[in-house]
Amino acid sequence: MRACVLTQEGLSVASVPDPQPAANHVVVAVRTAGLNRRDHWITVGKYPGVQLPVVLGSDGCGVMEAEGHALDGQRVVIDPSMSWDATTDTQGSDYQILGMPLQGTLAERIAVPAGNVHAAPRHCSDAEAAALPLAGITAWRATAKRAAVRSGQHVLVTGIGGGVATFAVQIAKAMGCKVWVTSSKTANLERAAQVLGTDGGALYTEADWAKQIQSQAGHIDAVIDGAGGPGFNNCLGIVRPGGTIAVYGATAGAVPTMNLHRVFWKHITIAGSTMGSPQDMADWLAFVNDHQIRPVVDSEYMLSNTAQAFARLASSEQFGNIIVRIAE
Ligand SMILES: NC(=O)c1ccc[n+]([C@@H]2O[C@H](COP(=O)([O-])OP(=O)(O)OC[C@H]3O[C@@H](n4cnc5c(N)ncnc54)[C@H](OP(=O)(O)O)[C@@H]3O)[C@@H](O)[C@H]2O)c1
């Protein structure tokens with residue numbers, strides 16, 4: 001089969017052996033794969049424990065090929081989260097994500113545990129469905145479970161250019177929240193208002209961005225943050241007393257000097273969040289169906305042009321998800 005393989009020499013589309021499904025695994029003929037920042041970090045050697053060669057890709061939509069399975073012949077999406085620990089409701093010690101070291105979705109076929117395959121939402125195209133899993137489950141757990149946002153609340157989502165942030169806005173809006181966003185680009189703020197219905201925003205490149213959000217929103221009940229860095233102290237400043245900051249990433253690096261006084265004086269809950277459980281995935285897809293959520297697709301590339309898709313990812317110019325079409 002054809003697949004996008006990362007070796008010491010770089011990325012290429014090559015012929016690799018078909019996957020051999022282990023017990024309790026099923027094969028999916030992949031139609032579309034979604035890219036995530038993780039794929040970029042792996043290609044530039046900045047992801048922990050990179051093992052090469054590897055077929056990249058954590059997200060995928062395709063057709064199930066498993067005789068006797070209830071979803072045989074149907075369009076499915078793949079949960080990339082492997083070995084969640086149900087006792088602690090966190091990643092297990094042998095936790096893995098599809099697409100390194102396990103074979104990823106940028107391939108014509110993939111074998112995964114039968115429990116990791118779910119019916120694709122009917123209202124989503126192949127491209128939209130491929131965008132749902134990794135960024136979606138991360139946003140779902142951070143927003144709905146860890147920050148536990150509720151209807152009527154004021155929510156701030158940082159760095160709207162990111163895939164997780166886009167879903168976090170869609171989730172909070174669908175729940176009936178008012179949502180403000182930050183970005184480095186005016187175009188992203190405008191697009192967020194047009195496409196996602198955000199209630200306002202500010203450029204995090206401006207020193208007084210938190211004041212701008214505060215004056216627009218009045219108060220912020222919850223922050224969904226994937227940036228960290230120096231801006232995290234602004235998040236501590238902007239969230240109301242008793243509010244929550246759900247943290248799922250650190251794109252801007254470590255917080256130089258965290259203002260701990262704000263944390264205890266304001267009774268702030270800082271809730272870390274990574275990926276999600278099998279139940280989170282099921283809940284996320286049910287929410288997608290109930291609210292007819294359609295992921296924002298930034299761009300689509302053919303498998304033969306995967307290098308261009310990775311260049312787009314590296315540029316951080318995207319708004320929404322970058323999709324690779326596996327099947328012509
Ligand atoms: N914990 C998990 O399970 C999990 C899952 C997925 C991703 N992540 C992590 O979450 C982060 C976001 O990933 P992603 O794939 O959604 O998006 P991404 O493609 O990495 O984009 C991140 C976005 O962050 C924004 N950003 C950059 N610097 C910022 C800053 N100083 N302050 C605020 N925003 C800033 C930019 O938005 P603008 O372009 O609008 O400026 C950028 O588009 C990454 O660090 C990723 O590794 C964690």
# chains A, B, ... in the order shown; residues from 1 in each chain; ligands from 1
call {"tool": "residues_around", "arguments": {"residues": "stretch 257-259 of chain A", "least_positions_apart": "6", "cutoff": "8 Å", "atoms": "only C-alpha atoms", "output": "list of chain:residue names"}}
result
A:Pro230, A:Phe232, A:Asn233, A:Leu236
call {"tool": "residues_around", "arguments": {"residues": "A:Gly57", "least_positions_apart": "5", "cutoff": "6 Å", "atoms": "only C-alpha atoms", "output": "count of residues only"}}
result
4
call {"tool": "residues_near_ligand", "arguments": {"ligand": "ligand 1", "cutoff": "8 Å", "atoms": "only C-alpha atoms and all ligand atoms", "output": "PyMOL selection string"}}
result
chain A and resi 36-38+41+134-135+138-139+158-166+182-185+188-189+203-205+225-231+247-252+273-276+313+316-319
call {"tool": "write_last_selection", "arguments": {"atoms": "C-alpha atoms", "output": "PDB file, in the first residue's frame"}}
result
ATOM      1  CA  ASN A  36      -1.929  17.933  13.861  1.00  0.00           C
ATOM      2  CA  ARG A  37       0.897  19.982  15.379  1.00  0.00           C
ATOM      3  CA  ARG A  38       2.222  16.683  16.759  1.00  0.00           C
ATOM      4  CA  TRP A  41       6.997  18.231  15.939  1.00  0.00           C
ATOM      5  CA  LEU A 134      -7.307  14.246  18.013  1.00  0.00           C
ATOM      6  CA  ALA A 135      -7.993  17.983  18.180  1.00  0.00           C
ATOM      7  CA  THR A 138      -8.612  17.305  23.276  1.00  0.00           C
ATOM      8  CA  ALA A 139     -10.936  20.297  23.011  1.00  0.00           C
ATOM      9  CA  THR A 158      -6.418  31.522  23.305  1.00  0.00           C
ATOM     10  CA  GLY A 159      -4.668  31.180  19.906  1.00  0.00           C
ATOM     11  CA  ILE A 160      -7.683  30.664  17.643  1.00  0.00           C
ATOM     12  CA  GLY A 161      -5.433  29.637  14.718  1.00  0.00           C
ATOM     13  CA  GLY A 162      -4.967  26.206  16.327  1.00  0.00           C
ATOM     14  CA  GLY A 163      -7.101  23.147  15.590  1.00  0.00           C
ATOM     15  CA  VAL A 164      -7.936  22.445  19.254  1.00  0.00           C
ATOM     16  CA  ALA A 165      -8.865  26.102  19.834  1.00  0.00           C
ATOM     17  CA  THR A 166     -11.265  26.056  16.864  1.00  0.00           C
ATOM     18  CA  THR A 182      -6.953  35.761  20.960  1.00  0.00           C
ATOM     19  CA  SER A 183      -4.751  35.539  17.893  1.00  0.00           C
ATOM     20  CA  SER A 184      -1.631  37.047  16.326  1.00  0.00           C
ATOM     21  CA  LYS A 185      -3.634  37.863  13.187  1.00  0.00           C
ATOM     22  CA  ASN A 188      -8.108  35.103  12.283  1.00  0.00           C
ATOM     23  CA  LEU A 189     -10.166  37.231  14.681  1.00  0.00           C
ATOM     24  CA  LEU A 203      -4.341  40.329  19.335  1.00  0.00           C
ATOM     25  CA  TYR A 204      -2.110  38.615  21.909  1.00  0.00           C
ATOM     26  CA  THR A 205       0.797  40.443  20.287  1.00  0.00           C
ATOM     27  CA  ASP A 225      -5.384  27.696  26.897  1.00  0.00           C
ATOM     28  CA  GLY A 226      -2.943  25.833  24.671  1.00  0.00           C
ATOM     29  CA  ALA A 227      -0.250  28.528  24.658  1.00  0.00           C
ATOM     30  CA  GLY A 228       1.201  28.893  28.174  1.00  0.00           C
ATOM     31  CA  GLY A 229       4.297  31.150  28.019  1.00  0.00           C
ATOM     32  CA  PRO A 230       4.336  34.698  29.405  1.00  0.00           C
ATOM     33  CA  GLY A 231       0.682  35.184  28.398  1.00  0.00           C
ATOM     34  CA  VAL A 247      -4.458  23.927  29.971  1.00  0.00           C
ATOM     35  CA  TYR A 248      -3.874  21.499  27.089  1.00  0.00           C
ATOM     36  CA  GLY A 249      -0.650  22.799  25.520  1.00  0.00           C
ATOM     37  CA  ALA A 250       2.384  25.067  25.793  1.00  0.00           C
ATOM     38  CA  THR A 251       2.926  26.427  22.282  1.00  0.00           C
ATOM     39  CA  ALA A 252       4.552  29.568  23.729  1.00  0.00           C
ATOM     40  CA  SER A 273      -5.888  18.121  30.095  1.00  0.00           C
ATOM     41  CA  THR A 274      -4.486  15.740  27.492  1.00  0.00           C
ATOM     42  CA  MET A 275      -6.370  13.859  24.778  1.00  0.00           C
ATOM     43  CA  GLY A 276      -9.302  11.895  26.268  1.00  0.00           C
ATOM     44  CA  LEU A 313       1.323  23.107   8.928  1.00  0.00           C
ATOM     45  CA  SER A 316       1.160  28.142  11.112  1.00  0.00           C
ATOM     46  CA  GLU A 317      -0.857  30.129   8.585  1.00  0.00           C
ATOM     47  CA  GLN A 318      -3.824  27.754   8.727  1.00  0.00           C
ATOM     48  CA  PHE A 319      -7.224  28.447  10.202  1.00  0.00           C
TER      49      PHE A 319
END
call {"tool": "residues_around", "arguments": {"residues": "stretch 264-272 of chain A", "least_positions_apart": "5", "cutoff": "7 Å", "atoms": "only C-alpha atoms", "output": "PDB file with C-alpha atoms, in the first residue's frame"}}
result
ATOM      1  CA  ARG A 146     -11.985  19.871  32.806  1.00  0.00           C
ATOM      2  CA  ALA A 147     -13.260  23.476  32.557  1.00  0.00           C
ATOM      3  CA  PRO A 241     -12.334  34.698  41.181  1.00  0.00           C
ATOM      4  CA  GLY A 242     -13.307  31.033  41.437  1.00  0.00           C
ATOM      5  CA  GLY A 243     -12.815  30.564  37.670  1.00  0.00           C
ATOM      6  CA  THR A 244     -10.992  27.787  35.822  1.00  0.00           C
ATOM      7  CA  ILE A 245      -8.131  27.674  33.333  1.00  0.00           C
ATOM      8  CA  ALA A 246      -7.982  24.429  31.363  1.00  0.00           C
ATOM      9  CA  VAL A 247      -4.458  23.927  29.971  1.00  0.00           C
ATOM     10  CA  TYR A 248      -3.874  21.499  27.089  1.00  0.00           C
TER      11      TYR A 248
END
call {"tool": "atom_distance", "arguments": {"atom1": "atom CA of A:Val297", "atom2": "atom CA of A:Ala148"}}
result
26.2 Å
call {"tool": "closest_residue", "arguments": {"among": "A:Arg325, A:Arg191, A:His219, A:Lys145", "to": "A:Glu300", "atoms": "only C-alpha atoms"}}
result
A:Arg325
call {"tool": "residues_around", "arguments": {"residues": "A:Leu6", "least_positions_apart": "5", "cutoff": "9 Å", "atoms": "only C-alpha atoms", "output": "VMD selection string"}}
result
chain A and resid 11 to 13 42 to 43 52 to 56
call {"tool": "write_last_selection", "arguments": {"atoms": "C-alpha atoms", "output": "mmCIF file, in the first residue's frame"}}
result
data_model
loop_
_atom_site.group_PDB
_atom_site.id
_atom_site.type_symbol
_atom_site.label_atom_id
_atom_site.label_comp_id
_atom_site.auth_asym_id
_atom_site.auth_seq_id
_atom_site.Cartn_x
_atom_site.Cartn_y
_atom_site.Cartn_z
ATOM 1 C CA LEU A 11 9.147 12.615 4.309
ATOM 2 C CA SER A 12 8.221 10.640 1.215
ATOM 3 C CA VAL A 13 5.299 8.715 -0.237
ATOM 4 C CA ILE A 42 7.821 14.628 14.932
ATOM 5 C CA THR A 43 9.108 15.632 11.475
ATOM 6 C CA LEU A 52 11.934 6.043 12.613
ATOM 7 C CA PRO A 53 10.870 4.963 10.074
ATOM 8 C CA VAL A 54 7.233 5.691 10.773
ATOM 9 C CA VAL A 55 3.971 6.235 8.906
ATOM 10 C CA LEU A 56 2.666 9.514 10.345
#
call {"tool": "residues_around", "arguments": {"residues": "A:Pro21", "least_positions_apart": "3", "cutoff": "12 Å", "atoms": "only C-alpha atoms", "output": "list in words"}}
result
Asp18, Asn24, His25, Val26, Val27, Val28, Glu65, Ala66, Gln103, Arg109, Ile110, Ala111, Val112, Pro113 and Ala114 of chain A
call {"tool": "residues_around", "arguments": {"residues": "stretch 71-84 of chain A", "least_positions_apart": "5", "cutoff": "8 Å", "atoms": "only C-alpha atoms", "output": "PyMOL selection string"}}
result
chain A and resi 58-66+89-92+94-98+116-120+129-130+132-134+275-278+281
call {"tool": "write_last_selection", "arguments": {"atoms": "C-alpha atoms", "output": "mmCIF file, in the first residue's frame"}}
result
data_model
loop_
_atom_site.group_PDB
_atom_site.id
_atom_site.type_symbol
_atom_site.label_atom_id
_atom_site.label_comp_id
_atom_site.auth_asym_id
_atom_site.auth_seq_id
_atom_site.Cartn_x
_atom_site.Cartn_y
_atom_site.Cartn_z
ATOM 1 C CA SER A 58 -3.166 10.394 14.052
ATOM 2 C CA ASP A 59 -6.524 11.327 12.542
ATOM 3 C CA GLY A 60 -8.447 9.468 9.882
ATOM 4 C CA CYS A 61 -11.775 8.723 8.237
ATOM 5 C CA GLY A 62 -12.298 5.662 6.075
ATOM 6 C CA VAL A 63 -14.313 2.568 5.422
ATOM 7 C CA MET A 64 -14.261 -0.349 7.831
ATOM 8 C CA GLU A 65 -13.212 -3.726 6.418
ATOM 9 C CA ALA A 66 -14.121 -6.199 9.149
ATOM 10 C CA ASP A 89 -8.906 8.433 34.014
ATOM 11 C CA THR A 90 -5.573 9.546 32.537
ATOM 12 C CA GLN A 91 -3.131 8.047 30.009
ATOM 13 C CA GLY A 92 -1.829 4.609 31.051
ATOM 14 C CA ASP A 94 1.857 2.219 27.993
ATOM 15 C CA TYR A 95 -0.195 5.021 26.430
ATOM 16 C CA GLN A 96 0.378 5.681 22.723
ATOM 17 C CA ILE A 97 -1.064 7.872 19.982
ATOM 18 C CA LEU A 98 -1.442 6.607 16.430
ATOM 19 C CA ASN A 116 -11.175 2.632 18.557
ATOM 20 C CA VAL A 117 -13.479 2.766 15.537
ATOM 21 C CA HIS A 118 -16.684 4.847 15.587
ATOM 22 C CA ALA A 119 -19.353 5.616 12.996
ATOM 23 C CA ALA A 120 -18.507 8.862 11.193
ATOM 24 C CA ALA A 129 -14.765 13.731 9.663
ATOM 25 C CA ALA A 130 -10.979 13.212 9.453
ATOM 26 C CA LEU A 132 -12.632 15.302 14.366
ATOM 27 C CA PRO A 133 -10.548 12.894 16.479
ATOM 28 C CA LEU A 134 -7.307 14.246 18.013
ATOM 29 C CA MET A 275 -6.370 13.859 24.778
ATOM 30 C CA GLY A 276 -9.302 11.895 26.268
ATOM 31 C CA SER A 277 -10.770 8.566 27.309
ATOM 32 C CA PRO A 278 -12.789 6.173 25.113
ATOM 33 C CA MET A 281 -14.483 10.118 22.353
#
call {"tool": "closest_residue", "arguments": {"among": "A:Arg2, A:His154, A:Lys46, A:Arg294", "to": "A:Ile224", "atoms": "only C-alpha atoms"}}
result
A:His154
